[in-house]
>>> print(open('my_file_21.pdb').read())   # PDB, C-alpha atoms
ATOM      1  CA  MET C 149     -88.316  69.177 -60.658  1.00  0.00           C
ATOM      2  CA  LYS C 150     -88.411  72.772 -59.367  1.00  0.00           C
ATOM      3  CA  ILE C 151     -92.080  72.353 -58.412  1.00  0.00           C
ATOM      4  CA  LYS C 152     -91.305  69.184 -56.397  1.00  0.00           C
ATOM      5  CA  ILE C 153     -88.505  70.968 -54.521  1.00  0.00           C
ATOM      6  CA  LEU C 154     -90.746  73.972 -53.864  1.00  0.00           C
ATOM      7  CA  ILE C 155     -93.532  71.712 -52.548  1.00  0.00           C
ATOM      8  CA  LEU C 156     -91.047  69.919 -50.288  1.00  0.00           C
ATOM      9  CA  LEU C 157     -89.741  73.248 -48.986  1.00  0.00           C
ATOM     10  CA  LEU C 158     -93.290  74.355 -48.217  1.00  0.00           C
ATOM     11  CA  ILE C 159     -94.282  71.092 -46.506  1.00  0.00           C
ATOM     12  CA  ILE C 160     -91.210  70.798 -44.260  1.00  0.00           C
ATOM     13  CA  PRO C 161     -91.933  74.018 -42.312  1.00  0.00           C
ATOM     14  CA  LEU C 162     -95.574  72.932 -41.859  1.00  0.00           C
ATOM     15  CA  LEU C 163     -94.489  69.587 -40.469  1.00  0.00           C
ATOM     16  CA  TYR C 164     -92.045  71.369 -38.204  1.00  0.00           C
ATOM     17  CA  VAL C 165     -94.785  73.704 -36.900  1.00  0.00           C
ATOM     18  CA  ASN C 166     -97.084  70.741 -36.230  1.00  0.00           C
ATOM     19  CA  ALA C 167     -94.286  68.949 -34.399  1.00  0.00           C
ATOM     20  CA  GLN C 168     -93.699  72.076 -32.298  1.00  0.00           C
ATOM     21  CA  ASN C 169     -97.397  72.252 -31.359  1.00  0.00           C
ATOM     22  CA  LYS C 170     -97.633  68.609 -30.253  1.00  0.00           C
ATOM     23  CA  VAL C 171     -98.415  68.285 -26.555  1.00  0.00           C
ATOM     24  CA  ASN C 172     -96.782  65.363 -24.756  1.00  0.00           C
ATOM     25  CA  ASP C 173     -98.056  63.949 -21.483  1.00  0.00           C
ATOM     26  CA  TYR C 174     -94.556  63.423 -20.054  1.00  0.00           C
ATOM     27  CA  LEU C 175     -95.892  62.637 -16.578  1.00  0.00           C
ATOM     28  CA  ASN C 176     -98.465  60.059 -17.723  1.00  0.00           C
ATOM     29  CA  ILE C 177    -101.429  61.705 -15.986  1.00  0.00           C
ATOM     30  CA  PRO C 178    -104.518  60.104 -17.522  1.00  0.00           C
ATOM     31  CA  GLY C 179    -107.403  62.312 -18.641  1.00  0.00           C
ATOM     32  CA  SER C 180    -108.235  65.770 -17.388  1.00  0.00           C
ATOM     33  CA  ILE C 181    -107.737  67.279 -13.937  1.00  0.00           C
ATOM     34  CA  LYS C 182    -110.923  68.142 -12.039  1.00  0.00           C
ATOM     35  CA  LEU C 183    -110.347  70.870  -9.472  1.00  0.00           C
ATOM     36  CA  ASN C 184    -112.650  73.425  -7.848  1.00  0.00           C
ATOM     37  CA  GLN C 185    -115.641  72.282  -9.941  1.00  0.00           C
ATOM     38  CA  LYS C 186    -113.737  72.843 -13.198  1.00  0.00           C
ATOM     39  CA  GLU C 187    -112.219  70.448 -15.681  1.00  0.00           C
ATOM     40  CA  TYR C 188    -108.711  71.250 -16.904  1.00  0.00           C
ATOM     41  CA  ASN C 189    -107.197  69.670 -20.021  1.00  0.00           C
ATOM     42  CA  LEU C 190    -103.536  69.340 -20.933  1.00  0.00           C
ATOM     43  CA  VAL C 191    -102.725  72.085 -23.463  1.00  0.00           C
ATOM     44  CA  TRP C 192     -98.974  72.633 -23.170  1.00  0.00           C
ATOM     45  CA  SER C 193     -95.968  70.651 -21.995  1.00  0.00           C
ATOM     46  CA  SER C 194     -92.230  71.015 -21.940  1.00  0.00           C
ATOM     47  CA  HIS C 195     -89.226  68.827 -21.162  1.00  0.00           C
ATOM     48  CA  PRO C 196     -86.418  71.404 -21.406  1.00  0.00           C
ATOM     49  CA  ASN C 197     -83.766  69.184 -19.858  1.00  0.00           C
ATOM     50  CA  GLU C 198     -83.193  65.629 -18.696  1.00  0.00           C
ATOM     51  CA  ASN C 199     -84.621  66.224 -15.206  1.00  0.00           C
ATOM     52  CA  TYR C 200     -87.390  68.811 -15.674  1.00  0.00           C
ATOM     53  CA  PHE C 201     -90.970  68.213 -16.852  1.00  0.00           C
ATOM     54  CA  LYS C 202     -93.696  70.861 -17.030  1.00  0.00           C
ATOM     55  CA  GLN C 203     -97.381  70.533 -17.958  1.00  0.00           C
ATOM     56  CA  GLU C 204    -100.132  73.169 -18.114  1.00  0.00           C
ATOM     57  CA  TYR C 205    -103.872  72.536 -18.055  1.00  0.00           C
ATOM     58  CA  ILE C 206    -106.755  74.922 -18.793  1.00  0.00           C
ATOM     59  CA  SER C 207    -110.520  74.612 -19.288  1.00  0.00           C
ATOM     60  CA  SER C 208    -111.730  74.101 -22.845  1.00  0.00           C
ATOM     61  CA  HIS C 209    -113.149  77.651 -23.093  1.00  0.00           C
ATOM     62  CA  GLU C 210    -109.913  79.310 -21.901  1.00  0.00           C
ATOM     63  CA  ASN C 211    -106.989  80.737 -23.885  1.00  0.00           C
ATOM     64  CA  ILE C 212    -103.519  79.786 -22.651  1.00  0.00           C
ATOM     65  CA  ASN C 213    -102.198  83.272 -23.474  1.00  0.00           C
ATOM     66  CA  LYS C 214    -104.912  85.025 -21.446  1.00  0.00           C
ATOM     67  CA  TYR C 215    -106.297  82.495 -19.019  1.00  0.00           C
ATOM     68  CA  ASN C 216    -108.381  83.104 -15.905  1.00  0.00           C
ATOM     69  CA  SER C 217    -107.511  79.809 -14.272  1.00  0.00           C
ATOM     70  CA  MET C 218    -104.784  77.221 -14.950  1.00  0.00           C
ATOM     71  CA  VAL C 219    -103.450  74.069 -13.296  1.00  0.00           C
ATOM     72  CA  LEU C 220     -99.721  73.368 -13.476  1.00  0.00           C
ATOM     73  CA  VAL C 221     -97.931  70.104 -12.776  1.00  0.00           C
ATOM     74  CA  ASP C 222     -94.140  70.206 -12.685  1.00  0.00           C
ATOM     75  CA  PHE C 223     -91.692  67.483 -11.747  1.00  0.00           C
ATOM     76  CA  VAL C 224     -87.954  67.783 -11.231  1.00  0.00           C
ATOM     77  CA  LYS C 225     -85.946  64.587 -10.835  1.00  0.00           C
ATOM     78  CA  GLY C 226     -83.309  64.538  -8.137  1.00  0.00           C
ATOM     79  CA  ASP C 227     -82.628  64.335  -4.444  1.00  0.00           C
ATOM     80  CA  PHE C 228     -84.084  67.483  -2.839  1.00  0.00           C
ATOM     81  CA  ASN C 229     -84.791  68.935   0.564  1.00  0.00           C
ATOM     82  CA  ILE C 230     -88.332  70.264   0.170  1.00  0.00           C
ATOM     83  CA  LYS C 231     -87.717  73.162   2.575  1.00  0.00           C
ATOM     84  CA  ASP C 232     -84.780  74.309   0.415  1.00  0.00           C
ATOM     85  CA  VAL C 233     -87.002  74.249  -2.698  1.00  0.00           C
ATOM     86  CA  VAL C 234     -89.678  76.378  -0.994  1.00  0.00           C
ATOM     87  CA  ASP C 235     -87.077  78.751   0.477  1.00  0.00           C
ATOM     88  CA  GLN C 236     -85.612  79.301  -2.989  1.00  0.00           C
ATOM     89  CA  LYS C 237     -89.025  80.371  -4.342  1.00  0.00           C
ATOM     90  CA  VAL C 238     -89.615  82.617  -1.310  1.00  0.00           C
ATOM     91  CA  ALA C 239     -86.216  84.280  -1.854  1.00  0.00           C
ATOM     92  CA  GLU C 240     -87.226  84.939  -5.478  1.00  0.00           C
ATOM     93  CA  LEU C 241     -90.511  86.525  -4.327  1.00  0.00           C
ATOM     94  CA  GLN C 242     -88.746  88.651  -1.703  1.00  0.00           C
ATOM     95  CA  GLU C 243     -86.382  89.976  -4.375  1.00  0.00           C
ATOM     96  CA  MET C 244     -89.307  90.789  -6.697  1.00  0.00           C
ATOM     97  CA  LYS C 245     -91.169  92.514  -3.827  1.00  0.00           C
ATOM     98  CA  LYS C 246     -88.392  95.122  -3.577  1.00  0.00           C
ATOM     99  CA  ALA C 247     -89.601  96.583  -6.898  1.00  0.00           C
ATOM    100  CA  ASN C 248     -93.270  95.596  -6.672  1.00  0.00           C
ATOM    101  CA  PRO C 249     -95.268  96.181  -3.455  1.00  0.00           C
ATOM    102  CA  VAL C 250     -98.234  94.134  -4.751  1.00  0.00           C
ATOM    103  CA  ILE C 251     -96.240  90.912  -4.289  1.00  0.00           C
ATOM    104  CA  ASN C 252     -97.282  89.020  -1.200  1.00  0.00           C
ATOM    105  CA  TYR C 253     -97.048  85.429   0.022  1.00  0.00           C
ATOM    106  CA  GLN C 254     -97.760  83.011   2.840  1.00  0.00           C
ATOM    107  CA  ILE C 255     -96.475  79.493   3.544  1.00  0.00           C
ATOM    108  CA  PHE C 256     -98.341  76.523   4.998  1.00  0.00           C
ATOM    109  CA  GLU C 257     -96.758  73.272   6.118  1.00  0.00           C
ATOM    110  CA  ASN C 258     -98.797  70.074   6.066  1.00  0.00           C
ATOM    111  CA  LYS C 259     -96.987  66.914   7.135  1.00  0.00           C
ATOM    112  CA  GLU C 260     -94.230  66.523   4.516  1.00  0.00           C
ATOM    113  CA  GLU C 261     -95.752  68.980   2.050  1.00  0.00           C
ATOM    114  CA  TYR C 262     -95.666  72.739   1.720  1.00  0.00           C
ATOM    115  CA  ILE C 263     -98.138  75.153   0.183  1.00  0.00           C
ATOM    116  CA  LEU C 264     -96.908  78.530  -0.988  1.00  0.00           C
ATOM    117  CA  ASP C 265     -99.751  80.971  -1.684  1.00  0.00           C
ATOM    118  CA  PHE C 266     -98.519  84.082  -3.463  1.00  0.00           C
ATOM    119  CA  LEU C 267     -99.679  87.096  -5.429  1.00  0.00           C
ATOM    120  CA  ILE C 268     -97.609  88.703  -8.190  1.00  0.00           C
ATOM    121  CA  SER C 269     -98.421  91.333 -10.783  1.00  0.00           C
ATOM    122  CA  GLU C 270     -97.315  92.869 -14.028  1.00  0.00           C
ATOM    123  CA  ASN C 271     -97.680  96.630 -13.819  1.00  0.00           C
ATOM    124  CA  SER C 272     -97.671  99.466 -16.319  1.00  0.00           C
ATOM    125  CA  LYS C 273     -94.317 101.166 -16.875  1.00  0.00           C
ATOM    126  CA  ASP C 274     -95.307 104.121 -14.669  1.00  0.00           C
ATOM    127  CA  GLY C 275     -96.414 101.673 -11.968  1.00  0.00           C
ATOM    128  CA  LYS C 276     -99.881 103.213 -11.673  1.00  0.00           C
ATOM    129  CA  GLU C 277    -101.902 100.397 -13.222  1.00  0.00           C
ATOM    130  CA  ILE C 278    -101.932  96.634 -12.688  1.00  0.00           C
ATOM    131  CA  LEU C 279    -102.024  94.959 -16.100  1.00  0.00           C
ATOM    132  CA  ILE C 280    -102.104  91.375 -14.800  1.00  0.00           C
ATOM    133  CA  ALA C 281    -102.615  90.187 -11.226  1.00  0.00           C
ATOM    134  CA  GLU C 282    -101.763  86.539 -10.655  1.00  0.00           C
ATOM    135  CA  ARG C 283    -102.491  84.456  -7.592  1.00  0.00           C
ATOM    136  CA  ASN C 284    -100.687  81.128  -7.400  1.00  0.00           C
ATOM    137  CA  ILE C 285    -101.103  78.302  -4.939  1.00  0.00           C
ATOM    138  CA  TYR C 286     -98.058  76.034  -5.214  1.00  0.00           C
ATOM    139  CA  ARG C 287     -98.166  72.661  -3.468  1.00  0.00           C
ATOM    140  CA  TYR C 288     -94.773  70.978  -3.139  1.00  0.00           C
ATOM    141  CA  LYS C 289     -94.291  67.294  -2.380  1.00  0.00           C
ATOM    142  CA  ILE C 290     -91.255  65.027  -2.432  1.00  0.00           C
ATOM    143  CA  ILE C 291     -91.757  61.881  -4.536  1.00  0.00           C
ATOM    144  CA  SER C 292     -89.462  59.109  -3.374  1.00  0.00           C
ATOM    145  CA  ASN C 293     -90.496  55.950  -5.204  1.00  0.00           C
ATOM    146  CA  ALA C 294     -87.850  53.836  -6.942  1.00  0.00           C
ATOM    147  CA  LYS C 295     -88.688  54.992 -10.477  1.00  0.00           C
ATOM    148  CA  ASN C 296     -89.294  58.706  -9.992  1.00  0.00           C
ATOM    149  CA  LYS C 297     -87.432  60.459  -7.226  1.00  0.00           C
ATOM    150  CA  GLY C 298     -87.775  64.226  -7.094  1.00  0.00           C
ATOM    151  CA  VAL C 299     -90.055  67.103  -6.250  1.00  0.00           C
ATOM    152  CA  LEU C 300     -93.606  67.452  -7.566  1.00  0.00           C
ATOM    153  CA  LEU C 301     -95.250  70.838  -7.891  1.00  0.00           C
ATOM    154  CA  PHE C 302     -99.036  70.878  -8.231  1.00  0.00           C
ATOM    155  CA  ALA C 303    -100.381  74.396  -8.631  1.00  0.00           C
ATOM    156  CA  LEU C 304    -103.444  76.486  -9.333  1.00  0.00           C
ATOM    157  CA  SER C 305    -102.920  79.862 -10.989  1.00  0.00           C
ATOM    158  CA  GLU C 306    -105.662  82.491 -11.309  1.00  0.00           C
ATOM    159  CA  ARG C 307    -105.358  85.791 -13.158  1.00  0.00           C
ATOM    160  CA  GLY C 308    -107.104  89.132 -13.209  1.00  0.00           C
ATOM    161  CA  TYR C 309    -106.912  91.630 -16.068  1.00  0.00           C
ATOM    162  CA  PRO C 310    -107.915  95.326 -16.219  1.00  0.00           C
ATOM    163  CA  GLU C 311    -111.447  94.433 -17.368  1.00  0.00           C
ATOM    164  CA  ASN C 312    -112.090  92.138 -14.356  1.00  0.00           C
ATOM    165  CA  MET C 313    -109.547  93.338 -11.779  1.00  0.00           C
ATOM    166  CA  ASP C 314    -112.155  94.365  -9.173  1.00  0.00           C
ATOM    167  CA  SER C 315    -113.886  90.973  -9.240  1.00  0.00           C
ATOM    168  CA  PHE C 316    -110.477  89.235  -9.158  1.00  0.00           C
ATOM    169  CA  PHE C 317    -109.493  91.022  -5.919  1.00  0.00           C
ATOM    170  CA  ASN C 318    -112.980  90.607  -4.397  1.00  0.00           C
ATOM    171  CA  ASN C 319    -112.803  86.882  -5.097  1.00  0.00           C
ATOM    172  CA  LEU C 320    -109.315  86.801  -3.600  1.00  0.00           C
ATOM    173  CA  LYS C 321    -110.645  88.305  -0.355  1.00  0.00           C
ATOM    174  CA  THR C 322    -113.667  86.030  -0.064  1.00  0.00           C
ATOM    175  CA  ASN C 323    -112.262  82.719  -1.339  1.00  0.00           C
ATOM    176  CA  SER C 324    -108.637  82.896  -0.266  1.00  0.00           C
ATOM    177  CA  SER C 325    -108.660  80.061   2.260  1.00  0.00           C
ATOM    178  CA  LYS C 326    -111.142  77.956   0.241  1.00  0.00           C
ATOM    179  CA  LEU C 327    -108.726  77.721  -2.706  1.00  0.00           C
ATOM    180  CA  ILE C 328    -105.818  76.809  -0.426  1.00  0.00           C
ATOM    181  CA  GLU C 329    -107.924  73.987   1.040  1.00  0.00           C
ATOM    182  CA  THR C 330    -108.999  72.865  -2.448  1.00  0.00           C
ATOM    183  CA  VAL C 331    -105.389  72.591  -3.654  1.00  0.00           C
ATOM    184  CA  GLY C 332    -104.200  71.124  -0.343  1.00  0.00           C
ATOM    185  CA  ASN C 333    -106.870  68.413  -0.270  1.00  0.00           C
ATOM    186  CA  TYR C 334    -106.615  67.458  -3.944  1.00  0.00           C
ATOM    187  CA  LYS C 335    -105.513  63.850  -4.479  1.00  0.00           C
ATOM    188  CA  LEU C 336    -102.227  64.326  -6.299  1.00  0.00           C
ATOM    189  CA  PRO C 337    -101.798  62.358  -9.507  1.00  0.00           C
ATOM    190  CA  ASP C 338     -99.440  59.406  -9.542  1.00  0.00           C
ATOM    191  CA  ILE C 339     -96.839  60.519 -12.018  1.00  0.00           C
ATOM    192  CA  GLU C 340     -94.831  58.157 -14.158  1.00  0.00           C
ATOM    193  CA  ILE C 341     -92.141  59.515 -16.440  1.00  0.00           C
ATOM    194  CA  LYS C 342     -92.544  58.091 -19.930  1.00  0.00           C
TER     195      LYS C 342
END
>>> encode(input="my_file_21.pdb", output="structure tokens")
Amino acid sequence: MKIKILILLLIIPLLYVNAQNKVNDYLNIPGSIKLNQKEYNLVWSSHPNENYFKQEYISSHENINKYNSMVLVDFVKGDFNIKDVVDQKVAELQEMKKANPVINYQIFENKEEYILDFLISENSKDGKEILIAERNIYRYKIISNAKNKGVLLFALSERGYPENMDSFFNNLKTNSSKLIETVGNYKLPDIEIK
């Protein structure tokens, strides 16, 4: 009897861990996302509340904890003014910039969509070294169909680390507008909340 209880106690945490690691496609986006000559696969998702859905995609050779390139697809249900959503993110960046001069951003408006291109960093405690540099291109679009009304965020995130920081910033200088065009011209997935 004690052995059966012990086995059950050992199995339950394993089942719990496996349940925690399960990735759900909450937005019903079939297959992988092909962007900038790379294929990104769904590796992590979250549905932290009734209205918010978040999905992250990386290439098969990447590590989610130390990625070079990632695609993000977020959806928030509700009735939003897209300009207010973008302004809120800009206000957040402006506040962060007070303590971190590396932070920079620019905004592009395209019909009823906005693109926010921004650079953030994680620095050493003394502020002398950049530990992670992250360039994000966020594309915001209002979805207003009968089933799913809200704001869609489609984003590309690229990171540089101490071992490749020079090439990260060189690439940023030479390919800055190309990546904005790539994200801006991408055919957004038709999302459908499951």
>>> residues_near_point(input="my_file_21.pdb", point="(-99.8, 77.0, -0.1)", cutoff="6 Å", atoms="only C-alpha atoms", output="PyMOL selection string")
chain C and resi 255-256+263-265+285-287
>>> closest_residue(input="my_file_21.pdb", among="C:Asn333, C:Asn199, C:Asn176, C:Ser292", to="Lys225 of chain C", atoms="all atoms listed in the file")
C:Asn199
>>> closest_residue(input="my_file_21.pdb", among="C:Glu311, C:Asp232, C:Glu340, C:Glu257", to="Leu279 of chain C", atoms="all atoms listed in the file")
C:Glu311
>>> residues_around(input="my_file_21.pdb", residues="Ser269 of chain C", least_positions_apart="6", cutoff="7 Å", atoms="all atoms listed in the file", output="list in words")
Val250, Ile251, Ile278, Ile280, Ala281 and Glu282 of chain C
>>> resolve_selection(input="my_file_21.pdb", expression="the PyMOL selection byres ((chain C and resi 301-309) around 9)", output="ChimeraX atom specification")
/C:183,214-224,278-290,299-300,310-317,327,331,336
>>> write_last_selection(input="my_file_21.pdb", atoms="C-alpha atoms", output="compact mmCIF listing (two decimals), in the coordinates of the input")
# COMPACT_ATOMS: atom_id res chain seq x y z
CA LEU C 183 -110.35 70.87 -9.47
CA LYS C 214 -104.91 85.02 -21.45
CA TYR C 215 -106.30 82.50 -19.02
CA ASN C 216 -108.38 83.10 -15.90
CA SER C 217 -107.51 79.81 -14.27
CA MET C 218 -104.78 77.22 -14.95
CA VAL C 219 -103.45 74.07 -13.30
CA LEU C 220 -99.72 73.37 -13.48
CA VAL C 221 -97.93 70.10 -12.78
CA ASP C 222 -94.14 70.21 -12.68
CA PHE C 223 -91.69 67.48 -11.75
CA VAL C 224 -87.95 67.78 -11.23
CA ILE C 278 -101.93 96.63 -12.69
CA LEU C 279 -102.02 94.96 -16.10
CA ILE C 280 -102.10 91.38 -14.80
CA ALA C 281 -102.62 90.19 -11.23
CA GLU C 282 -101.76 86.54 -10.66
CA ARG C 283 -102.49 84.46 -7.59
CA ASN C 284 -100.69 81.13 -7.40
CA ILE C 285 -101.10 78.30 -4.94
CA TYR C 286 -98.06 76.03 -5.21
CA ARG C 287 -98.17 72.66 -3.47
CA TYR C 288 -94.77 70.98 -3.14
CA LYS C 289 -94.29 67.29 -2.38
CA ILE C 290 -91.26 65.03 -2.43
CA VAL C 299 -90.06 67.10 -6.25
CA LEU C 300 -93.61 67.45 -7.57
CA PRO C 310 -107.92 95.33 -16.22
CA GLU C 311 -111.45 94.43 -17.37
CA ASN C 312 -112.09 92.14 -14.36
CA MET C 313 -109.55 93.34 -11.78
CA ASP C 314 -112.16 94.36 -9.17
CA SER C 315 -113.89 90.97 -9.24
CA PHE C 316 -110.48 89.24 -9.16
CA PHE C 317 -109.49 91.02 -5.92
CA LEU C 327 -108.73 77.72 -2.71
CA VAL C 331 -105.39 72.59 -3.65
CA LEU C 336 -102.23 64.33 -6.30
>>> closest_residue(input="my_file_21.pdb", among="C:Val233, C:Lys245, C:Ser193, C:Tyr188", to="His209 of chain C", atoms="only C-alpha atoms")
C:Tyr188
>>> atom_distance(input="my_file_21.pdb", atom1="atom CA of Asp274 of chain C", atom2="atom CA of Asn252 of chain C")
20.3 Å
>>> atom_distance(input="my_file_21.pdb", atom1="atom CA of Lys231 of chain C", atom2="atom CA of Pro337 of chain C")
21.5 Å
>>> atom_distance(input="my_file_21.pdb", atom1="atom CA of Thr322 of chain C", atom2="atom CA of Ile268 of chain C")
18.2 Å
>>> resolve_selection(input="my_file_21.pdb", expression="the PyMOL selection byres ((chain C and resi 173) around 12)", output="list in words")
Lys170, Val171, Asn172, Tyr174, Leu175, Asn176, Ile177, Pro178, Gly179, Ser180, Asn189, Leu190, Val191, Trp192, Ser193, Ser194, His195, Phe201, Lys202, Gln203, Glu204, Tyr205, Val221, Asp222, Ile339, Glu340, Ile341 and Lys342 of chain C
>>> write_last_selection(input="my_file_21.pdb", atoms="C-alpha atoms", output="mmCIF file, in the coordinates of the input")
data_model
loop_
_atom_site.group_PDB
_atom_site.id
_atom_site.type_symbol
_atom_site.label_atom_id
_atom_site.label_comp_id
_atom_site.auth_asym_id
_atom_site.auth_seq_id
_atom_site.Cartn_x
_atom_site.Cartn_y
_atom_site.Cartn_z
ATOM 1 C CA LYS C 170 -97.633 68.609 -30.253
ATOM 2 C CA VAL C 171 -98.415 68.285 -26.555
ATOM 3 C CA ASN C 172 -96.782 65.363 -24.756
ATOM 4 C CA TYR C 174 -94.556 63.423 -20.054
ATOM 5 C CA LEU C 175 -95.892 62.637 -16.578
ATOM 6 C CA ASN C 176 -98.465 60.059 -17.723
ATOM 7 C CA ILE C 177 -101.429 61.705 -15.986
ATOM 8 C CA PRO C 178 -104.518 60.104 -17.522
ATOM 9 C CA GLY C 179 -107.403 62.312 -18.641
ATOM 10 C CA SER C 180 -108.235 65.770 -17.388
ATOM 11 C CA ASN C 189 -107.197 69.670 -20.021
ATOM 12 C CA LEU C 190 -103.536 69.340 -20.933
ATOM 13 C CA VAL C 191 -102.725 72.085 -23.463
ATOM 14 C CA TRP C 192 -98.974 72.633 -23.170
ATOM 15 C CA SER C 193 -95.968 70.651 -21.995
ATOM 16 C CA SER C 194 -92.230 71.015 -21.940
ATOM 17 C CA HIS C 195 -89.226 68.827 -21.162
ATOM 18 C CA PHE C 201 -90.970 68.213 -16.852
ATOM 19 C CA LYS C 202 -93.696 70.861 -17.030
ATOM 20 C CA GLN C 203 -97.381 70.533 -17.958
ATOM 21 C CA GLU C 204 -100.132 73.169 -18.114
ATOM 22 C CA TYR C 205 -103.872 72.536 -18.055
ATOM 23 C CA VAL C 221 -97.931 70.104 -12.776
ATOM 24 C CA ASP C 222 -94.140 70.206 -12.685
ATOM 25 C CA ILE C 339 -96.839 60.519 -12.018
ATOM 26 C CA GLU C 340 -94.831 58.157 -14.158
ATOM 27 C CA ILE C 341 -92.141 59.515 -16.440
ATOM 28 C CA LYS C 342 -92.544 58.091 -19.930
#
>>> closest_residue(input="my_file_21.pdb", among="C:Gly226, C:Pro249, C:Ser272, C:Lys295", to="Tyr200 of chain C", atoms="all atoms listed in the file")
C:Gly226
>>> closest_residue(input="my_file_21.pdb", among="C:Gln242, C:Asn318, C:Glu261, C:Gly332", to="Ile230 of chain C", atoms="only C-alpha atoms")
C:Glu261
>>> axis_aligned_box(input="my_file_21.pdb", around="segment 270-288 of chain C", padding_each_side="8 Å", output="AutoDock Vina command-line options")
--center_x -98.5 --center_y 87.5 --center_z -10.0 --size_x 24.3 --size_y 49.1 --size_z 29.7
>>> resolve_selection(input="my_file_21.pdb", expression="the PyMOL selection byres ((chain C and resi 241) around 10)", output="list in words")
Asp235, Gln236, Lys237, Val238, Ala239, Glu240, Gln242, Glu243, Met244, Lys245, Lys246, Asn248, Ile251, Asn252, Tyr253, Phe266, Leu267 and Ile268 of chain C
>>> closest_residue(input="my_file_21.pdb", among="C:Thr330, C:Asn213, C:Ser207, C:Asn293", to="Glu187 of chain C", atoms="only C-alpha atoms")
C:Ser207
